[in-house]
Structures are given as structure tokens and as C-alpha cells.
Amino acid sequence: MKEGYVAGADIGGTKISVVIASKNKIICKTVEKTKKQGSIDTIPNQIDDMIKISCNQIGIKKSSILNLGIISCGAFEKKGKYTRIYANNICRGISNNLPNNWPYLILEKRLSKLYKNIKLMNDAKASAQAEYLFGSGKKYKNFVYVTWSTGIGTGAYVNGFLLKGKNNNAPHAGHIYLSDSNLKCNCGQLGDFESLVSGASLEKIYGKKPEEIFKEYKQGNKKAIKLVKKAAKIFARGLVSINAILDTEAFILGGSIMKNKHILLPLIKKEFYNSFKPLTKDVKITTSKLEYSIGDLGALSLVMNKDWIRSWQKRKPWKHAPEAVNIPL
Ligand SMILES: [Zn+2]
């Protein structure tokens, strides 16, 4: 890889963020609402436009960016040369406005005409990679990163290798069945992990945003306390189930819901360590230290060479990253 600049893009259901980095630092970050109408190239074009705007802002030529790492929620399917991304929370919005009902994104077809090297990975898996290279995961050969956010995402290292699977979806633990509840996940399943406790589900159940739920929990609201305790218990059981399969050393937890770690961690640990002890007693449960940088680092790490990674491990430049700039639609 020629040194110079690399770009990372993080596609979410509500927003897309783009970061540009050199070997020394993260130079800029821009954020824009995810476009949900238009042609099949809407999202790849949006990413390219955001990179153009970022380059203009920092005074570099877009042509100097050859390497682009992209992360997105899944699920993925390898189909010939390209990967289909079945991100329901993105594609549902777009497909409603297309005559031929477009159920997935394809990014590489368009973007490979514009960039020399494109790497794509599930967002939670890339976050696990960021933890492994730069965060709390450095200590472990076996750990699972779990993001508890609008959805629930997971990425796992087993014996020092990032778990992938035939379509790069392993482990997609947000969609493991945990009950026979009638709550419906975006994937269509009833009673799976995400349907029960994702941020979006908690909002559906309670009728208020998760921030409000936790605020009311702190104020002593009985309904909020009951919901949070139940959610933490189910979340812990999700971890028990993942550990039963992977026999891991540690869970590293992140995401917007886990910002309430002072409330959630003790509840999660209580339920987890009360489960089948021979499997759970030696498992560490901790939180991510990379916090808001984790997505940026995940996307950039897909296209950074070993030298860059070693240099960033020493200097931690993400700690001095500039604030994100919002691009109004
Ligand atoms: Zn699901």
C-alpha cells in the first residue's frame, strides 16, 4: 500500500460517517444523514460525495485516496464478485421508493470504479478488530465484542483469529432466539436477542427513547427500573448463550445503551455469573475504552498496513481526533 491517506466509512441506518486519516492522525470526520431514496447507487455515491467534501475541507486531492474501508450492519452475502448487504434498517427505506423493490445494497460495483482498494466488513466485527488492535481486546486471544445500541452486534476472536464464516457473518448473535415472545426484530424473527432488548426494541416497549428510560430509572421510576432490570437479565443470558458456544475469555461491551454501564454492568454480571459456573466463572466482562472512535478505527483498520497499525498502537492518535462535522442534507 502506498502511504498517503486512507478513508473509512461507517454506514448506519440513520447516519453515515466518513473519516480521512494519514499515518500520523485522523485528519477529519464528516457525518451525514443516510439517504434513503434514489437509485441503487445512492449510498455508494453518498460515500464518495462525503469523501470529496472531506478532501476539499482539508485541502487534499480525492485522487490521493486509494484505499477505502467500509463498515456496515449486515447480514452479508457473497455473490460473485460483490457482497450484498442486507441491512434492513437502511434498505427498507430505499426499497419503498423503488419500483423493483431493492432489498439489499451493493457497494463495491460502483466504488471499485472510484477507489483502487475497497475492504468491507460488518460493523461489529470491525469493532472487534479495532478492540483487538487498539483496545481492551489486545490482552486476549479469545474475546467477544458486543455492541448494545439501536441493534445488537457481535464480533469474536477465537484463538487469535477473527471469526468469519462462509459469508463473513459469524457470529451474528443479535439474531439468536432467546424466547417465544411476540416482539418482532427488523430481520423478521420473533423473540430473538435484538427483538427483546435492542435500543429500538426498548423504545418500542416503553414508548420513550432509551436516554429517557435510563433518566427515569435514575429518578426511581418503577416501570423504568423493571424494564432495565429485565433487559439486563436478558442481555446477560444472551452473553451466556454466546459463551456456551465460543468458550471465550472476555466480553467487551460497547454501544449507546452501554453508556449506562454503571447501572447495567452490575446487573449483567449478577445474572451471568449465576449461570452454569464451570463455563462462566472465568469469563471477564468489561467495557470498551475506544468508545466513539471504535467505528472509525474499525473501518480504517481494514485498509491500514502493519506499520501504520504499530505506529497507532504506540501513539493512540484517535484520542486527539477532531470533532465530527455534520453535513446538512
Ligand atoms: Zn433478528
# chains A, B, ... in the order shown; residues from 1 in each chain; ligands from 1
call {"tool": "select_by_dssp", "arguments": {"residues": "stretch 48-216 of chain A", "states": "alpha helix (DSSP H)", "output": "PyMOL selection string"}}
result
chain A and resi 48-58+88-95+108-111+123-134+193-197+199-206+210-216
call {"tool": "write_last_selection", "arguments": {"atoms": "C-alpha atoms", "output": "compact mmCIF listing (two decimals), in the first residue's frame"}}
result
# COMPACT_ATOMS: atom_id res chain seq x y z
CA ASP A 48 -17.96 9.20 -2.48
CA ASP A 49 -19.52 12.69 -2.16
CA MET A 50 -18.71 12.76 1.54
CA ILE A 51 -15.09 11.83 0.82
CA LYS A 52 -14.99 14.63 -1.80
CA ILE A 53 -16.33 17.17 0.72
CA SER A 54 -13.85 15.95 3.35
CA CYS A 55 -10.92 16.26 0.91
CA ASN A 56 -11.97 19.80 -0.03
CA GLN A 57 -12.16 20.70 3.63
CA ILE A 58 -8.61 19.57 4.39
CA ASN A 88 -32.94 -3.89 6.64
CA ASN A 89 -32.87 -0.63 8.51
CA ILE A 90 -31.20 1.02 5.50
CA CYS A 91 -32.65 -0.86 2.58
CA ARG A 92 -36.22 -0.91 3.77
CA GLY A 93 -36.25 2.87 3.40
CA ILE A 94 -34.78 2.76 -0.06
CA SER A 95 -36.73 -0.21 -1.35
CA GLU A 108 -18.20 -2.47 -4.48
CA LYS A 109 -19.62 -2.38 -8.02
CA ARG A 110 -19.79 1.44 -8.04
CA LEU A 111 -16.98 2.24 -5.61
CA ASP A 123 -19.53 -3.08 11.73
CA ALA A 124 -19.46 -5.12 14.95
CA LYS A 125 -16.83 -7.47 13.54
CA ALA A 126 -14.68 -4.47 12.53
CA SER A 127 -15.19 -3.07 16.04
CA ALA A 128 -13.90 -6.37 17.45
CA GLN A 129 -10.86 -5.95 15.17
CA ALA A 130 -10.37 -2.40 16.50
CA GLU A 131 -10.53 -3.75 20.06
CA TYR A 132 -8.02 -6.47 19.18
CA LEU A 133 -5.57 -3.99 17.64
CA PHE A 134 -6.07 -0.87 19.75
CA PHE A 193 -31.93 -11.22 21.09
CA GLU A 194 -32.39 -7.92 19.22
CA SER A 195 -36.18 -8.05 19.28
CA LEU A 196 -36.11 -8.32 23.08
CA VAL A 197 -33.56 -5.74 24.22
CA GLY A 199 -32.33 0.11 21.87
CA ALA A 200 -35.02 0.19 19.17
CA SER A 201 -36.99 -2.54 20.95
CA LEU A 202 -36.72 -0.88 24.36
CA GLU A 203 -38.10 2.29 22.77
CA LYS A 204 -40.98 0.30 21.25
CA ILE A 205 -41.77 -1.42 24.55
CA TYR A 206 -41.52 1.72 26.74
CA PRO A 210 -33.54 4.79 25.80
CA GLU A 211 -31.98 8.02 27.20
CA GLU A 212 -35.37 8.80 28.79
CA ILE A 213 -35.73 5.25 30.13
CA PHE A 214 -32.39 5.49 31.94
CA LYS A 215 -33.16 9.01 33.17
CA GLU A 216 -36.41 7.74 34.66
call {"tool": "residues_near_ligand", "arguments": {"ligand": "ligand 1", "cutoff": "8 Å", "atoms": "only C-alpha atoms and all ligand atoms", "output": "list in words"}}
result
Gly174, His175, Ile176, Lys184, Cys185, Asn186, Cys187, Gly188, Gln189, Leu190, Asp192, Phe193, Glu194 and Ser195 of chain A
call {"tool": "closest_residue", "arguments": {"among": "A:Gly254, A:Gly238, A:Gly165, A:Gly153", "to": "A:Ser136", "atoms": "only C-alpha atoms"}}
result
A:Gly254
call {"tool": "select_by_dssp", "arguments": {"residues": "stretch 32-196 of chain A", "states": "strand (DSSP E)", "output": "ChimeraX atom specification"}}
result
/A:32-33,65-72,76-79,82-85,105-106,117-122,143-148,152-158,161-162
call {"tool": "residues_around", "arguments": {"residues": "A:Ser17", "least_positions_apart": "4", "cutoff": "6 Å", "atoms": "only C-alpha atoms", "output": "ChimeraX atom specification"}}
result
/A:9-10,30-31
call {"tool": "residues_around", "arguments": {"residues": "A:Lys25", "least_positions_apart": "5", "cutoff": "8 Å", "atoms": "only C-alpha atoms", "output": "ChimeraX atom specification"}}
result
/A:317-318,321
call {"tool": "closest_residue", "arguments": {"among": "A:Ile106, A:Ser293, A:Tyr5, A:Asn260", "to": "A:His320", "atoms": "only C-alpha atoms"}}
result
A:Ser293
call {"tool": "residues_around", "arguments": {"residues": "A:Asn117", "least_positions_apart": "3", "cutoff": "8 Å", "atoms": "only C-alpha atoms", "output": "VMD selection string"}}
result
chain A and resid 66 to 68 112
call {"tool": "residues_around", "arguments": {"residues": "A:Gly12", "least_positions_apart": "2", "cutoff": "7 Å", "atoms": "only C-alpha atoms", "output": "PyMOL selection string"}}
result
chain A and resi 10+14-16+72-73
call {"tool": "residues_around", "arguments": {"residues": "A:Tyr104", "least_positions_apart": "3", "cutoff": "7 Å", "atoms": "only C-alpha atoms", "output": "list in words"}}
result
Arg84, Ile85, Tyr86, Ala87 and Cys91 of chain A
call {"tool": "closest_residue", "arguments": {"among": "A:Trp148, A:Phe76, A:Phe272, A:Tyr292", "to": "A:Leu253", "atoms": "only C-alpha atoms"}}
result
A:Trp148
call {"tool": "decode", "arguments": {"residues": "stretch 170-209 of chain A", "atoms": "N, CA and C atoms", "output": "PDB file, in the first residue's frame"}}
result
ATOM      1  N   ALA A 170     -20.279 -14.445  10.868  1.00  0.00           N
ATOM      2  CA  ALA A 170     -20.147 -15.058  12.201  1.00  0.00           C
ATOM      3  C   ALA A 170     -19.510 -14.087  13.195  1.00  0.00           C
ATOM      4  N   PRO A 171     -19.942 -14.037  14.428  1.00  0.00           N
ATOM      5  CA  PRO A 171     -21.227 -14.515  14.920  1.00  0.00           C
ATOM      6  C   PRO A 171     -22.274 -13.397  14.804  1.00  0.00           C
ATOM      7  N   HIS A 172     -23.420 -13.693  14.287  1.00  0.00           N
ATOM      8  CA  HIS A 172     -24.484 -12.682  14.157  1.00  0.00           C
ATOM      9  C   HIS A 172     -25.462 -12.870  15.312  1.00  0.00           C
ATOM     10  N   ALA A 173     -24.930 -12.699  16.519  1.00  0.00           N
ATOM     11  CA  ALA A 173     -25.675 -13.165  17.699  1.00  0.00           C
ATOM     12  C   ALA A 173     -26.895 -12.304  18.045  1.00  0.00           C
ATOM     13  N   GLY A 174     -27.050 -11.162  17.397  1.00  0.00           N
ATOM     14  CA  GLY A 174     -28.266 -10.371  17.618  1.00  0.00           C
ATOM     15  C   GLY A 174     -29.513 -11.142  17.209  1.00  0.00           C
ATOM     16  N   HIS A 175     -29.306 -12.165  16.396  1.00  0.00           N
ATOM     17  CA  HIS A 175     -30.472 -12.901  15.867  1.00  0.00           C
ATOM     18  C   HIS A 175     -30.550 -14.338  16.386  1.00  0.00           C
ATOM     19  N   ILE A 176     -29.925 -14.590  17.554  1.00  0.00           N
ATOM     20  CA  ILE A 176     -30.153 -15.900  18.175  1.00  0.00           C
ATOM     21  C   ILE A 176     -31.474 -15.825  18.926  1.00  0.00           C
ATOM     22  N   TYR A 177     -32.245 -16.903  18.837  1.00  0.00           N
ATOM     23  CA  TYR A 177     -33.534 -16.933  19.538  1.00  0.00           C
ATOM     24  C   TYR A 177     -33.310 -17.052  21.045  1.00  0.00           C
ATOM     25  N   LEU A 178     -34.025 -16.222  21.798  1.00  0.00           N
ATOM     26  CA  LEU A 178     -33.911 -16.302  23.256  1.00  0.00           C
ATOM     27  C   LEU A 178     -35.248 -16.545  23.939  1.00  0.00           C
ATOM     28  N   SER A 179     -36.351 -16.392  23.214  1.00  0.00           N
ATOM     29  CA  SER A 179     -37.651 -16.630  23.853  1.00  0.00           C
ATOM     30  C   SER A 179     -38.723 -16.857  22.793  1.00  0.00           C
ATOM     31  N   ASP A 180     -39.941 -17.147  23.253  1.00  0.00           N
ATOM     32  CA  ASP A 180     -41.040 -17.294  22.294  1.00  0.00           C
ATOM     33  C   ASP A 180     -41.930 -16.050  22.325  1.00  0.00           C
ATOM     34  N   SER A 181     -41.316 -14.903  22.663  1.00  0.00           N
ATOM     35  CA  SER A 181     -42.068 -13.640  22.720  1.00  0.00           C
ATOM     36  C   SER A 181     -42.586 -13.256  21.325  1.00  0.00           C
ATOM     37  N   ASN A 182     -43.558 -12.354  21.304  1.00  0.00           N
ATOM     38  CA  ASN A 182     -44.090 -11.894  20.021  1.00  0.00           C
ATOM     39  C   ASN A 182     -43.413 -10.621  19.521  1.00  0.00           C
ATOM     40  N   LEU A 183     -42.377 -10.174  20.242  1.00  0.00           N
ATOM     41  CA  LEU A 183     -41.684  -8.965  19.783  1.00  0.00           C
ATOM     42  C   LEU A 183     -40.937  -9.284  18.486  1.00  0.00           C
ATOM     43  N   LYS A 184     -41.070  -8.371  17.517  1.00  0.00           N
ATOM     44  CA  LYS A 184     -40.510  -8.658  16.187  1.00  0.00           C
ATOM     45  C   LYS A 184     -39.218  -7.872  15.942  1.00  0.00           C
ATOM     46  N   CYS A 185     -38.208  -8.580  15.459  1.00  0.00           N
ATOM     47  CA  CYS A 185     -36.928  -7.968  15.087  1.00  0.00           C
ATOM     48  C   CYS A 185     -37.035  -7.409  13.664  1.00  0.00           C
ATOM     49  N   ASN A 186     -36.150  -6.480  13.324  1.00  0.00           N
ATOM     50  CA  ASN A 186     -36.092  -5.976  11.940  1.00  0.00           C
ATOM     51  C   ASN A 186     -35.826  -7.085  10.928  1.00  0.00           C
ATOM     52  N   CYS A 187     -35.207  -8.182  11.392  1.00  0.00           N
ATOM     53  CA  CYS A 187     -34.903  -9.302  10.498  1.00  0.00           C
ATOM     54  C   CYS A 187     -36.143 -10.150  10.225  1.00  0.00           C
ATOM     55  N   GLY A 188     -37.221  -9.902  10.993  1.00  0.00           N
ATOM     56  CA  GLY A 188     -38.462 -10.641  10.779  1.00  0.00           C
ATOM     57  C   GLY A 188     -38.733 -11.704  11.831  1.00  0.00           C
ATOM     58  N   GLN A 189     -37.696 -12.053  12.630  1.00  0.00           N
ATOM     59  CA  GLN A 189     -37.878 -13.110  13.635  1.00  0.00           C
ATOM     60  C   GLN A 189     -38.584 -12.569  14.872  1.00  0.00           C
ATOM     61  N   LEU A 190     -39.303 -13.454  15.546  1.00  0.00           N
ATOM     62  CA  LEU A 190     -39.959 -13.098  16.799  1.00  0.00           C
ATOM     63  C   LEU A 190     -39.140 -13.658  17.959  1.00  0.00           C
ATOM     64  N   GLY A 191     -38.900 -12.820  18.960  1.00  0.00           N
ATOM     65  CA  GLY A 191     -38.258 -13.322  20.182  1.00  0.00           C
ATOM     66  C   GLY A 191     -36.768 -13.544  20.094  1.00  0.00           C
ATOM     67  N   ASP A 192     -36.091 -12.946  19.103  1.00  0.00           N
ATOM     68  CA  ASP A 192     -34.623 -13.091  19.103  1.00  0.00           C
ATOM     69  C   ASP A 192     -33.989 -11.992  19.975  1.00  0.00           C
ATOM     70  N   PHE A 193     -32.680 -12.096  20.176  1.00  0.00           N
ATOM     71  CA  PHE A 193     -31.929 -11.222  21.092  1.00  0.00           C
ATOM     72  C   PHE A 193     -32.267  -9.741  20.831  1.00  0.00           C
ATOM     73  N   GLU A 194     -32.147  -9.323  19.561  1.00  0.00           N
ATOM     74  CA  GLU A 194     -32.392  -7.920  19.222  1.00  0.00           C
ATOM     75  C   GLU A 194     -33.836  -7.504  19.466  1.00  0.00           C
ATOM     76  N   SER A 195     -34.762  -8.392  19.126  1.00  0.00           N
ATOM     77  CA  SER A 195     -36.182  -8.048  19.278  1.00  0.00           C
ATOM     78  C   SER A 195     -36.527  -7.792  20.743  1.00  0.00           C
ATOM     79  N   LEU A 196     -35.785  -8.420  21.655  1.00  0.00           N
ATOM     80  CA  LEU A 196     -36.107  -8.319  23.079  1.00  0.00           C
ATOM     81  C   LEU A 196     -35.484  -7.092  23.744  1.00  0.00           C
ATOM     82  N   VAL A 197     -34.234  -6.778  23.430  1.00  0.00           N
ATOM     83  CA  VAL A 197     -33.558  -5.740  24.220  1.00  0.00           C
ATOM     84  C   VAL A 197     -32.759  -4.696  23.433  1.00  0.00           C
ATOM     85  N   SER A 198     -32.808  -4.708  22.094  1.00  0.00           N
ATOM     86  CA  SER A 198     -32.058  -3.668  21.382  1.00  0.00           C
ATOM     87  C   SER A 198     -32.624  -2.301  21.774  1.00  0.00           C
ATOM     88  N   GLY A 199     -31.846  -1.241  21.551  1.00  0.00           N
ATOM     89  CA  GLY A 199     -32.329   0.105  21.869  1.00  0.00           C
ATOM     90  C   GLY A 199     -33.661   0.388  21.187  1.00  0.00           C
ATOM     91  N   ALA A 200     -33.778  -0.038  19.923  1.00  0.00           N
ATOM     92  CA  ALA A 200     -35.018   0.192  19.172  1.00  0.00           C
ATOM     93  C   ALA A 200     -36.183  -0.549  19.827  1.00  0.00           C
ATOM     94  N   SER A 201     -35.925  -1.768  20.314  1.00  0.00           N
ATOM     95  CA  SER A 201     -36.992  -2.543  20.954  1.00  0.00           C
ATOM     96  C   SER A 201     -37.396  -1.933  22.287  1.00  0.00           C
ATOM     97  N   LEU A 202     -36.400  -1.497  23.070  1.00  0.00           N
ATOM     98  CA  LEU A 202     -36.718  -0.880  24.364  1.00  0.00           C
ATOM     99  C   LEU A 202     -37.602   0.348  24.152  1.00  0.00           C
ATOM    100  N   GLU A 203     -37.292   1.090  23.087  1.00  0.00           N
ATOM    101  CA  GLU A 203     -38.097   2.287  22.769  1.00  0.00           C
ATOM    102  C   GLU A 203     -39.534   1.880  22.421  1.00  0.00           C
ATOM    103  N   LYS A 204     -39.648   0.789  21.640  1.00  0.00           N
ATOM    104  CA  LYS A 204     -40.981   0.299  21.246  1.00  0.00           C
ATOM    105  C   LYS A 204     -41.772  -0.146  22.482  1.00  0.00           C
ATOM    106  N   ILE A 205     -41.091  -0.864  23.367  1.00  0.00           N
ATOM    107  CA  ILE A 205     -41.768  -1.415  24.555  1.00  0.00           C
ATOM    108  C   ILE A 205     -42.199  -0.283  25.496  1.00  0.00           C
ATOM    109  N   TYR A 206     -41.310   0.704  25.705  1.00  0.00           N
ATOM    110  CA  TYR A 206     -41.525   1.721  26.742  1.00  0.00           C
ATOM    111  C   TYR A 206     -42.224   2.975  26.204  1.00  0.00           C
ATOM    112  N   GLY A 207     -42.093   3.176  24.887  1.00  0.00           N
ATOM    113  CA  GLY A 207     -42.708   4.366  24.294  1.00  0.00           C
ATOM    114  C   GLY A 207     -41.867   5.621  24.443  1.00  0.00           C
ATOM    115  N   LYS A 208     -40.643   5.471  24.928  1.00  0.00           N
ATOM    116  CA  LYS A 208     -39.728   6.616  25.046  1.00  0.00           C
ATOM    117  C   LYS A 208     -38.333   6.176  24.635  1.00  0.00           C
ATOM    118  N   LYS A 209     -37.503   7.143  24.267  1.00  0.00           N
ATOM    119  CA  LYS A 209     -36.140   6.831  23.846  1.00  0.00           C
ATOM    120  C   LYS A 209     -35.335   6.257  25.020  1.00  0.00           C
TER     121      LYS A 209
END
